[in-house]
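Q: What follows is final-v5.pdb; its format and atoms are PDB, C-alpha atoms.
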MODEL        1
ATOM      1  CA  MET A   1      10.705 -55.925 -34.395
ATOM      2  CA  ILE A   2      13.608 -53.449 -34.181
ATOM      3  CA  ALA A   3      17.124 -54.843 -33.976
ATOM      4  CA  HIS A   4      20.491 -53.101 -33.616
ATOM      5  CA  LEU A   5      23.607 -53.987 -35.570
ATOM      6  CA  SER A   6      27.159 -52.858 -34.848
ATOM      7  CA  ARG A   7      30.125 -53.146 -37.156
ATOM      8  CA  ARG A   8      33.749 -52.278 -36.356
ATOM      9  CA  TYR A   9      36.336 -50.678 -38.638
ATOM     10  CA  LEU A  10      39.940 -49.597 -38.223
ATOM     11  CA  PHE A  11      41.820 -46.601 -39.546
ATOM     12  CA  SER A  12      45.050 -44.848 -38.640
ATOM     13  CA  ALA A  13      45.570 -41.111 -38.690
ATOM     14  CA  SER A  14      47.635 -38.400 -37.059
ATOM     15  CA  HIS A  15      46.595 -35.215 -35.319
ATOM     16  CA  ARG A  16      47.837 -32.374 -33.214
ATOM     17  CA  LEU A  17      45.648 -30.783 -30.559
ATOM     18  CA  HIS A  18      46.219 -27.061 -30.803
ATOM     19  CA  ASN A  19      43.917 -24.051 -30.672
ATOM     20  CA  PRO A  20      45.439 -20.974 -32.362
ATOM     21  CA  GLU A  21      43.262 -18.741 -30.155
ATOM     22  CA  MET A  22      45.143 -19.947 -27.083
ATOM     23  CA  SER A  23      48.620 -18.858 -26.046
ATOM     24  CA  THR A  24      51.507 -21.307 -26.320
ATOM     25  CA  GLU A  25      51.348 -21.831 -22.571
ATOM     26  CA  GLU A  26      47.584 -22.409 -22.547
ATOM     27  CA  ASN A  27      47.835 -24.896 -25.416
ATOM     28  CA  ARG A  28      50.544 -26.749 -23.543
ATOM     29  CA  ALA A  29      48.567 -26.730 -20.305
ATOM     30  CA  THR A  30      45.354 -27.861 -22.011
ATOM     31  CA  TYR A  31      46.667 -30.508 -24.375
ATOM     32  CA  GLY A  32      49.971 -31.617 -22.835
ATOM     33  CA  LYS A  33      51.889 -34.042 -25.053
ATOM     34  CA  CYS A  34      49.063 -33.916 -27.621
ATOM     35  CA  ASN A  35      50.203 -30.367 -28.411
ATOM     36  CA  ASN A  36      53.578 -31.555 -29.767
ATOM     37  CA  PRO A  37      53.973 -29.452 -32.965
ATOM     38  CA  HIS A  38      54.710 -32.425 -35.197
ATOM     39  CA  GLY A  39      51.611 -34.343 -34.193
ATOM     40  CA  HIS A  40      51.208 -37.992 -33.317
ATOM     41  CA  GLY A  41      49.038 -40.851 -34.505
ATOM     42  CA  HIS A  42      46.476 -43.393 -33.380
ATOM     43  CA  ASN A  43      44.919 -46.582 -34.644
ATOM     44  CA  TYR A  44      41.285 -45.592 -34.314
ATOM     45  CA  ILE A  45      38.618 -48.250 -33.991
ATOM     46  CA  LEU A  46      35.294 -47.063 -35.309
ATOM     47  CA  GLU A  47      32.121 -48.834 -34.197
ATOM     48  CA  VAL A  48      28.964 -47.956 -36.103
ATOM     49  CA  THR A  49      25.558 -49.001 -34.744
ATOM     50  CA  VAL A  50      22.463 -48.949 -36.938
ATOM     51  CA  SER A  51      18.950 -50.128 -36.224
ATOM     52  CA  GLY A  52      15.704 -50.944 -37.950
ATOM     53  CA  PRO A  53      13.089 -53.600 -38.453
ATOM     54  CA  VAL A  54      14.385 -56.982 -39.609
ATOM     55  CA  ASP A  55      13.333 -57.488 -43.218
ATOM     56  CA  GLN A  56      11.256 -60.663 -43.430
ATOM     57  CA  SER A  57      12.642 -61.789 -46.756
ATOM     58  CA  THR A  58      16.353 -61.208 -46.076
ATOM     59  CA  GLY A  59      16.439 -61.523 -42.271
ATOM     60  CA  MET A  60      18.593 -58.388 -42.191
ATOM     61  CA  ILE A  61      18.279 -54.811 -40.886
ATOM     62  CA  CYS A  62      20.300 -53.660 -43.869
ATOM     63  CA  ASN A  63      22.820 -55.248 -46.173
ATOM     64  CA  LEU A  64      26.250 -55.191 -44.518
ATOM     65  CA  VAL A  65      27.819 -54.737 -47.929
ATOM     66  CA  ASP A  66      25.988 -51.402 -48.283
ATOM     67  CA  LEU A  67      27.102 -50.288 -44.812
ATOM     68  CA  ASP A  68      30.706 -51.321 -45.515
ATOM     69  CA  GLN A  69      30.715 -49.519 -48.844
ATOM     70  CA  CYS A  70      29.333 -46.341 -47.317
ATOM     71  CA  VAL A  71      31.754 -46.346 -44.367
ATOM     72  CA  GLU A  72      34.653 -47.119 -46.709
ATOM     73  CA  SER A  73      33.893 -44.437 -49.282
ATOM     74  CA  GLU A  74      32.675 -41.696 -46.929
ATOM     75  CA  VAL A  75      34.780 -42.198 -43.796
ATOM     76  CA  LEU A  76      37.703 -44.611 -44.060
ATOM     77  CA  SER A  77      39.012 -43.362 -47.390
ATOM     78  CA  ARG A  78      38.756 -39.805 -46.066
ATOM     79  CA  TYR A  79      40.701 -40.387 -42.850
ATOM     80  CA  GLN A  80      42.924 -43.435 -43.419
ATOM     81  CA  LEU A  81      46.614 -42.474 -43.165
ATOM     82  CA  GLU A  82      45.837 -38.764 -43.188
ATOM     83  CA  ASN A  83      46.855 -35.894 -40.954
ATOM     84  CA  LEU A  84      43.493 -34.781 -39.563
ATOM     85  CA  ASN A  85      44.614 -31.172 -39.062
ATOM     86  CA  THR A  86      45.037 -30.757 -42.813
ATOM     87  CA  LEU A  87      41.423 -31.698 -43.609
ATOM     88  CA  GLN A  88      38.741 -29.113 -44.284
ATOM     89  CA  GLU A  89      36.608 -29.976 -41.231
ATOM     90  CA  PHE A  90      39.526 -29.500 -38.854
ATOM     91  CA  LEU A  91      41.002 -26.294 -40.237
ATOM     92  CA  LYS A  92      39.050 -24.371 -37.589
ATOM     93  CA  THR A  93      38.035 -27.146 -35.204
ATOM     94  CA  VAL A  94      40.520 -28.952 -32.957
ATOM     95  CA  PRO A  95      40.636 -32.621 -34.076
ATOM     96  CA  THR A  96      39.980 -34.100 -30.665
ATOM     97  CA  THR A  97      38.421 -37.535 -30.789
ATOM     98  CA  GLU A  98      35.199 -35.962 -29.466
ATOM     99  CA  ASN A  99      35.017 -33.732 -32.556
ATOM    100  CA  LEU A 100      36.058 -36.552 -34.920
ATOM    101  CA  CYS A 101      33.348 -38.776 -33.457
ATOM    102  CA  ILE A 102      30.688 -36.089 -34.027
ATOM    103  CA  GLU A 103      31.985 -35.466 -37.571
ATOM    104  CA  ILE A 104      31.815 -39.160 -38.499
ATOM    105  CA  PHE A 105      28.286 -39.420 -37.088
ATOM    106  CA  GLU A 106      27.197 -36.457 -39.204
ATOM    107  CA  ILE A 107      28.850 -37.838 -42.360
ATOM    108  CA  LEU A 108      27.096 -41.192 -41.942
ATOM    109  CA  GLN A 109      23.791 -39.572 -41.101
ATOM    110  CA  ARG A 110      23.973 -37.664 -44.397
ATOM    111  CA  THR A 111      25.131 -40.570 -46.521
ATOM    112  CA  PHE A 112      23.770 -43.835 -45.130
ATOM    113  CA  SER A 113      20.068 -44.188 -45.768
ATOM    114  CA  GLN A 114      19.410 -47.944 -45.574
ATOM    115  CA  ALA A 115      18.918 -48.011 -41.781
ATOM    116  CA  HIS A 116      18.670 -45.624 -38.843
ATOM    117  CA  LEU A 117      22.051 -44.500 -37.508
ATOM    118  CA  ASP A 118      21.992 -45.020 -33.721
ATOM    119  CA  ARG A 119      25.463 -44.250 -32.563
ATOM    120  CA  VAL A 120      29.105 -43.861 -33.491
ATOM    121  CA  LYS A 121      31.772 -45.043 -31.075
ATOM    122  CA  LEU A 122      35.395 -44.140 -31.629
ATOM    123  CA  GLU A 123      38.182 -45.821 -29.674
ATOM    124  CA  GLU A 124      41.308 -43.691 -29.658
ATOM    125  CA  THR A 125      43.350 -46.172 -27.630
ATOM    126  CA  MET A 126      42.572 -49.394 -25.805
ATOM    127  CA  MET A 127      41.960 -47.319 -22.710
ATOM    128  CA  ASN A 128      39.662 -44.565 -23.957
ATOM    129  CA  SER A 129      36.730 -44.174 -26.283
ATOM    130  CA  PHE A 130      34.021 -41.686 -27.261
ATOM    131  CA  GLU A 131      30.391 -42.112 -28.242
ATOM    132  CA  TYR A 132      27.935 -39.804 -29.994
ATOM    133  CA  ALA A 133      24.309 -40.453 -30.791
ATOM    134  CA  GLY A 134      23.411 -37.205 -32.528
ATOM    135  CA  GLY A 135      23.094 -35.435 -29.187
ATOM    136  CA  GLN A 136      20.662 -38.046 -27.836
ATOM    137  CA  GLU A 137      21.100 -39.863 -24.564
ATOM    138  CA  LEU A 138      22.635 -43.312 -25.038
ATOM    139  CA  SER A 139      20.289 -46.178 -24.391
ATOM    140  CA  ARG A 140      21.352 -48.237 -21.371
ATOM    141  CA  ARG A 141      22.379 -51.658 -22.415
TER
ATOM    142  CA  MET B   1      26.159 -34.666 -25.725
ATOM    143  CA  VAL B   2      29.275 -36.810 -26.118
ATOM    144  CA  TYR B   3      30.185 -39.783 -23.949
ATOM    145  CA  LEU B   4      33.761 -40.550 -22.985
ATOM    146  CA  THR B   5      34.884 -43.860 -21.522
ATOM    147  CA  ARG B   6      38.176 -44.370 -19.753
ATOM    148  CA  LYS B   7      39.413 -47.807 -18.752
ATOM    149  CA  ALA B   8      41.712 -48.795 -15.922
ATOM    150  CA  GLU B   9      42.850 -52.084 -14.479
ATOM    151  CA  PHE B  10      43.472 -53.135 -10.923
ATOM    152  CA  ALA B  11      44.096 -56.379  -9.095
ATOM    153  CA  ALA B  12      42.561 -57.122  -5.716
ATOM    154  CA  SER B  13      41.481 -59.975  -3.507
ATOM    155  CA  HIS B  14      38.240 -60.541  -1.625
ATOM    156  CA  TYR B  15      35.968 -63.137  -0.106
ATOM    157  CA  TYR B  16      32.234 -63.260   0.381
ATOM    158  CA  HIS B  17      30.945 -63.660   3.901
ATOM    159  CA  ASN B  18      27.897 -62.347   5.708
ATOM    160  CA  PRO B  19      28.319 -62.477   9.511
ATOM    161  CA  ALA B  20      24.513 -62.602   9.860
ATOM    162  CA  PHE B  21      24.497 -66.022   8.182
ATOM    163  CA  THR B  22      25.520 -69.297   9.787
ATOM    164  CA  PRO B  23      28.758 -70.897   8.516
ATOM    165  CA  GLU B  24      26.600 -73.412   6.617
ATOM    166  CA  GLU B  25      24.539 -70.671   4.980
ATOM    167  CA  ASN B  26      27.659 -68.730   4.021
ATOM    168  CA  GLN B  27      29.097 -71.859   2.499
ATOM    169  CA  ARG B  28      25.893 -72.736   0.669
ATOM    170  CA  ILE B  29      25.282 -69.222  -0.728
ATOM    171  CA  PHE B  30      28.817 -68.144  -1.528
ATOM    172  CA  GLY B  31      30.490 -71.497  -2.231
ATOM    173  CA  LYS B  32      34.213 -71.258  -2.905
ATOM    174  CA  CYS B  33      34.041 -67.448  -2.679
ATOM    175  CA  ASN B  34      33.515 -67.922   1.077
ATOM    176  CA  ASN B  35      37.098 -69.122   1.629
ATOM    177  CA  PRO B  36      38.262 -66.712   4.402
ATOM    178  CA  ASN B  37      41.760 -66.413   2.982
ATOM    179  CA  GLY B  38      40.315 -64.746  -0.095
ATOM    180  CA  HIS B  39      41.027 -65.049  -3.776
ATOM    181  CA  GLY B  40      41.869 -62.465  -6.424
ATOM    182  CA  HIS B  41      40.809 -60.985  -9.712
ATOM    183  CA  ASN B  42      42.207 -58.685 -12.346
ATOM    184  CA  TYR B  43      39.431 -56.114 -12.470
ATOM    185  CA  THR B  44      38.824 -53.818 -15.414
ATOM    186  CA  LEU B  45      37.070 -50.580 -14.623
ATOM    187  CA  GLU B  46      35.290 -48.519 -17.279
ATOM    188  CA  VAL B  47      34.177 -45.045 -16.297
ATOM    189  CA  THR B  48      31.840 -43.233 -18.712
ATOM    190  CA  VAL B  49      31.191 -39.509 -18.355
ATOM    191  CA  LYS B  50      28.955 -37.323 -20.497
ATOM    192  CA  GLY B  51      28.851 -33.664 -21.384
ATOM    193  CA  GLU B  52      28.921 -31.112 -24.134
ATOM    194  CA  VAL B  53      32.131 -30.602 -26.101
ATOM    195  CA  ASP B  54      33.848 -27.399 -24.997
ATOM    196  CA  SER B  55      34.067 -25.232 -28.127
ATOM    197  CA  ARG B  56      37.495 -23.912 -27.165
ATOM    198  CA  SER B  57      39.348 -27.079 -26.192
ATOM    199  CA  GLY B  58      37.312 -29.645 -28.132
ATOM    200  CA  PHE B  59      37.199 -31.768 -24.964
ATOM    201  CA  VAL B  60      34.261 -33.133 -22.984
ATOM    202  CA  VAL B  61      36.551 -33.545 -20.027
ATOM    203  CA  ASP B  62      40.285 -33.354 -19.535
ATOM    204  CA  LEU B  63      41.312 -37.032 -19.846
ATOM    205  CA  LYS B  64      44.400 -36.448 -17.752
ATOM    206  CA  GLN B  65      42.307 -35.054 -14.901
ATOM    207  CA  LEU B  66      39.840 -37.932 -15.183
ATOM    208  CA  LYS B  67      42.710 -40.408 -15.059
ATOM    209  CA  GLU B  68      44.147 -38.659 -11.990
ATOM    210  CA  ILE B  69      40.769 -38.727 -10.220
ATOM    211  CA  MET B  70      40.340 -42.425 -11.040
ATOM    212  CA  ASN B  71      43.862 -43.144  -9.802
ATOM    213  CA  ARG B  72      43.485 -41.156  -6.609
ATOM    214  CA  GLU B  73      39.947 -42.151  -5.641
ATOM    215  CA  VAL B  74      39.843 -45.756  -6.799
ATOM    216  CA  LEU B  75      43.101 -47.368  -7.891
ATOM    217  CA  ASP B  76      45.288 -46.066  -5.061
ATOM    218  CA  ALA B  77      42.709 -47.402  -2.591
ATOM    219  CA  MET B  78      41.948 -50.738  -4.246
ATOM    220  CA  ASP B  79      44.863 -51.906  -6.399
ATOM    221  CA  HIS B  80      46.728 -54.809  -4.797
ATOM    222  CA  ARG B  81      44.492 -54.683  -1.702
ATOM    223  CA  PHE B  82      42.432 -57.200   0.193
ATOM    224  CA  LEU B  83      39.080 -55.438  -0.282
ATOM    225  CA  ASN B  84      37.399 -56.846   2.859
ATOM    226  CA  LYS B  85      40.207 -55.680   5.135
ATOM    227  CA  GLU B  86      41.631 -52.572   3.500
ATOM    228  CA  VAL B  87      38.772 -50.691   1.798
ATOM    229  CA  PRO B  88      36.355 -49.097   4.319
ATOM    230  CA  GLU B  89      33.173 -49.678   2.264
ATOM    231  CA  PHE B  90      33.752 -53.397   2.547
ATOM    232  CA  PHE B  91      34.247 -53.525   6.305
ATOM    233  CA  THR B  92      30.444 -53.789   6.445
ATOM    234  CA  LYS B  93      29.385 -54.627   2.882
ATOM    235  CA  ILE B  94      30.242 -57.765   0.942
ATOM    236  CA  PRO B  95      32.737 -56.886  -1.837
ATOM    237  CA  THR B  96      30.707 -58.343  -4.679
ATOM    238  CA  THR B  97      31.187 -56.839  -8.117
ATOM    239  CA  GLU B  98      27.783 -55.157  -7.658
ATOM    240  CA  ASN B  99      28.888 -53.411  -4.461
ATOM    241  CA  LEU B 100      32.250 -52.595  -6.017
ATOM    242  CA  ALA B 101      30.562 -50.774  -8.927
ATOM    243  CA  ILE B 102      28.407 -48.802  -6.456
ATOM    244  CA  ALA B 103      31.437 -47.940  -4.304
ATOM    245  CA  VAL B 104      33.379 -46.720  -7.358
ATOM    246  CA  TRP B 105      30.403 -44.542  -8.382
ATOM    247  CA  GLN B 106      30.142 -43.047  -4.882
ATOM    248  CA  ARG B 107      33.863 -42.304  -4.809
ATOM    249  CA  LEU B 108      33.964 -40.668  -8.263
ATOM    250  CA  GLU B 109      30.648 -38.860  -8.543
ATOM    251  CA  PRO B 110      31.383 -36.037  -6.035
ATOM    252  CA  LYS B 111      34.855 -35.446  -7.486
ATOM    253  CA  LEU B 112      33.940 -34.909 -11.133
ATOM    254  CA  ARG B 113      33.755 -31.399 -12.465
ATOM    255  CA  ASN B 114      32.532 -30.242 -15.903
ATOM    256  CA  ALA B 115      31.200 -33.647 -16.952
ATOM    257  CA  ARG B 116      28.584 -35.880 -15.364
ATOM    258  CA  LEU B 117      29.131 -39.508 -14.493
ATOM    259  CA  HIS B 118      27.016 -41.717 -16.765
ATOM    260  CA  ARG B 119      28.020 -45.264 -15.988
ATOM    261  CA  VAL B 120      30.489 -47.306 -13.960
ATOM    262  CA  ARG B 121      31.222 -50.744 -15.360
ATOM    263  CA  VAL B 122      33.356 -53.207 -13.418
ATOM    264  CA  TYR B 123      34.568 -56.418 -15.027
ATOM    265  CA  GLU B 124      35.465 -59.076 -12.481
ATOM    266  CA  THR B 125      36.587 -61.332 -15.332
ATOM    267  CA  PRO B 126      36.244 -60.770 -19.091
ATOM    268  CA  ASP B 127      32.983 -62.767 -18.931
ATOM    269  CA  LEU B 128      31.361 -61.077 -15.946
ATOM    270  CA  PHE B 129      30.648 -57.404 -15.451
ATOM    271  CA  VAL B 130      28.289 -55.073 -13.590
ATOM    272  CA  ASP B 131      26.936 -51.686 -14.729
ATOM    273  CA  PHE B 132      25.792 -49.004 -12.290
ATOM    274  CA  TYR B 133      24.095 -45.782 -13.427
ATOM    275  CA  GLY B 134      23.623 -44.195  -9.991
ATOM    276  CA  GLU B 135      20.406 -44.142  -7.968
ATOM    277  CA  GLU B 136      17.445 -44.618 -10.321
TER
ENDMDL
END
Rewrite the structure from the file as structure tokens, please.
A:
Amino acid sequence: MIAHLSRRYLFSASHRLHNPEMSTEENRATYGKCNNPHGHGHNYILEVTVSGPVDQSTGMICNLVDLDQCVESEVLSRYQLENLNTLQEFLKTVPTTENLCIEIFEILQRTFSQAHLDRVKLEETMMNSFEYAGGQELSRR
Amino acid sequence: MVYLTRKAEFAASHYYHNPAFTPEENQRIFGKCNNPNGHGHNYTLEVTVKGEVDSRSGFVVDLKQLKEIMNREVLDAMDHRFLNKEVPEFFTKIPTTENLAIAVWQRLEPKLRNARLHRVRVYETPDLFVDFYGEE
């Protein structure tokens, strides 16, 4: 029997949306206020969903402690209170929340092996959020 | 494929009444929602679109444009309105949350460029919501 488990985490970071291949005007037109040269920040809410068979002896898909440790060491400690534009993965890629969501999915797919990674959801504000499932269609639930 | 969800809130009133039913049937089926003077809700709308991330902008869709389309097509028409009397879809259809989700889909779907509409979710209250994924 396959079950799905979601866990939420919070981190805060700053970014500036700017593509050096675009002119000043095009950057301004594309990104608006998000192109402000000094950047701005968000409290991001990260929701990680994993799935797998429920272990008969523990009653769990995976140990939450393992998931927390992995997310903490691989994701939260990397992004918490950082300026995203200064990090290696965003030197050449614009740190939109779409790209951050994909990056976090790929980090967890590489590093978390105790259950199948279904989906990463990243809430940038209360009013908008992004989801990535490794390029797969989201299941309808 | 990345999915983007944008929320919006609007307040509107409605009542449930089917003219094909007798007054007793309307009362029995719709209960207090049949009160002809209507009642209101604070609705929360969640619009989810999907698409590939544009390699130049890093966006699936321009959030500002999506917000403008949602404002123009849905909120301007429905916020602080009596749905039965002021929104054309509900001159003939009962403004249930189901029909509201379908109406929002039909208003938004033809207006979206670059990204495809994936889901419309309408919360009537925090405990009650409807999802519509288009014709299946």
Q: Could you jot down the CA of Phe30 (chain B) to CA of Pro126 (chain B) separation for me, Å, one decimal place?
A: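 Spanning CA of Phe30 (chain B) to CA of Pro126 (chain B) is a straight-line distance of 20.4 Å.
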Q: Take the PyMOL selection byres ((chain A and resi 44) around 8), apply it to the structure above, and return the hits as a list in words.
A: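 This file gives the following for the PyMOL selection byres ((chain A and resi 44) around 8): Leu10, Phe11, Ser12, Ala13, His42, Asn43, Ile45, Leu46, Leu122, Glu123, Glu124 and Thr125 of chain A.
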Q: Give me, as a compact mmCIF listing (two decimals) with C-alpha atoms, in the coordinates of the input, the contact residues of chain B against chain A at a cut-off of 12 Å, counting all atoms listed in the file.
A:
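Result written to out18.txt:
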# COMPACT_ATOMS: atom_id res chain seq x y z
CA MET B 1 26.16 -34.67 -25.72
CA VAL B 2 29.28 -36.81 -26.12
CA TYR B 3 30.18 -39.78 -23.95
CA LEU B 4 33.76 -40.55 -22.98
CA THR B 5 34.88 -43.86 -21.52
CA ARG B 6 38.18 -44.37 -19.75
CA LYS B 7 39.41 -47.81 -18.75
CA ALA B 8 41.71 -48.80 -15.92
CA GLU B 9 42.85 -52.08 -14.48
CA THR B 44 38.82 -53.82 -15.41
CA LEU B 45 37.07 -50.58 -14.62
CA GLU B 46 35.29 -48.52 -17.28
CA VAL B 47 34.18 -45.04 -16.30
CA THR B 48 31.84 -43.23 -18.71
CA VAL B 49 31.19 -39.51 -18.36
CA LYS B 50 28.96 -37.32 -20.50
CA GLY B 51 28.85 -33.66 -21.38
CA GLU B 52 28.92 -31.11 -24.13
CA VAL B 53 32.13 -30.60 -26.10
CA ASP B 54 33.85 -27.40 -25.00
CA SER B 55 34.07 -25.23 -28.13
CA ARG B 56 37.49 -23.91 -27.16
CA SER B 57 39.35 -27.08 -26.19
CA GLY B 58 37.31 -29.64 -28.13
CA PHE B 59 37.20 -31.77 -24.96
CA VAL B 60 34.26 -33.13 -22.98
CA VAL B 61 36.55 -33.54 -20.03
CA ASP B 62 40.28 -33.35 -19.54
CA LEU B 63 41.31 -37.03 -19.85
CA LYS B 64 44.40 -36.45 -17.75
CA GLN B 65 42.31 -35.05 -14.90
CA LEU B 66 39.84 -37.93 -15.18
CA LYS B 67 42.71 -40.41 -15.06
CA HIS B 118 27.02 -41.72 -16.76
CA ARG B 119 28.02 -45.26 -15.99
CA VAL B 120 30.49 -47.31 -13.96
CA ARG B 121 31.22 -50.74 -15.36
CA VAL B 130 28.29 -55.07 -13.59
CA ASP B 131 26.94 -51.69 -14.73
CA PHE B 132 25.79 -49.00 -12.29
CA TYR B 133 24.10 -45.78 -13.43
Q: Using the chain letters and residue numbers of this document, give as a ChimeraX atom specification the residues selected by the PyMOL selection byres ((chain A and resi 64-74) around 8).
A: /A:62-63,75-78,107-108,111-112,114
Q: With all atoms listed in the file as the counted atoms, please give the residues lying no more than 8 Å from Val50 (chain A), apart from itself and same-chain residues fewer than 4 positions off, as a VMD selection string.
A: chain A and resid 4 to 6 115 to 119
Q: Using Å and a single decimal, report how far CA of Asn99 (chain B) sits from CA of Glu73 (chain B).
A: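 Those two atoms sit 15.8 Å apart.
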Q: Could you tell me how far CA of Lys32 (chain B) lies from CA of Thr92 (chain B), in Å and to one decimal?
A: 20.2 Å
Q: Which is closest to Leu91 (chain A) among A:Thr58, A:His15, A:Ile2, A:Tyr9, if we use all atoms listed in the file?
A: A:His15
Q: Using only C-alpha atoms, which residue out of B:Glu98, B:Glu135, B:Glu86, B:Asp127 lies closest to His14 (chain B)?
A: B:Glu86
Q: Build an axis-aligned box that encloses every atom of region 11-27 of chain A listed in the file, pad it by 3 Å on each side, and report its centre and edge lengths in Å to one decimal, as lines of an AutoDock Vina configuration file.
A:
center_x = 46.7
center_y = -32.7
center_z = -31.0
size_x = 15.7
size_y = 33.9
size_z = 23.0
Q: Rank nothing, just name the residue among A:Glu82, A:Gln109, A:Glu103, A:Val120 nearest to His40 (chain A), using all atoms listed in the file.
A: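 Result for the nearest residue to His40 (chain A): A:Glu82.
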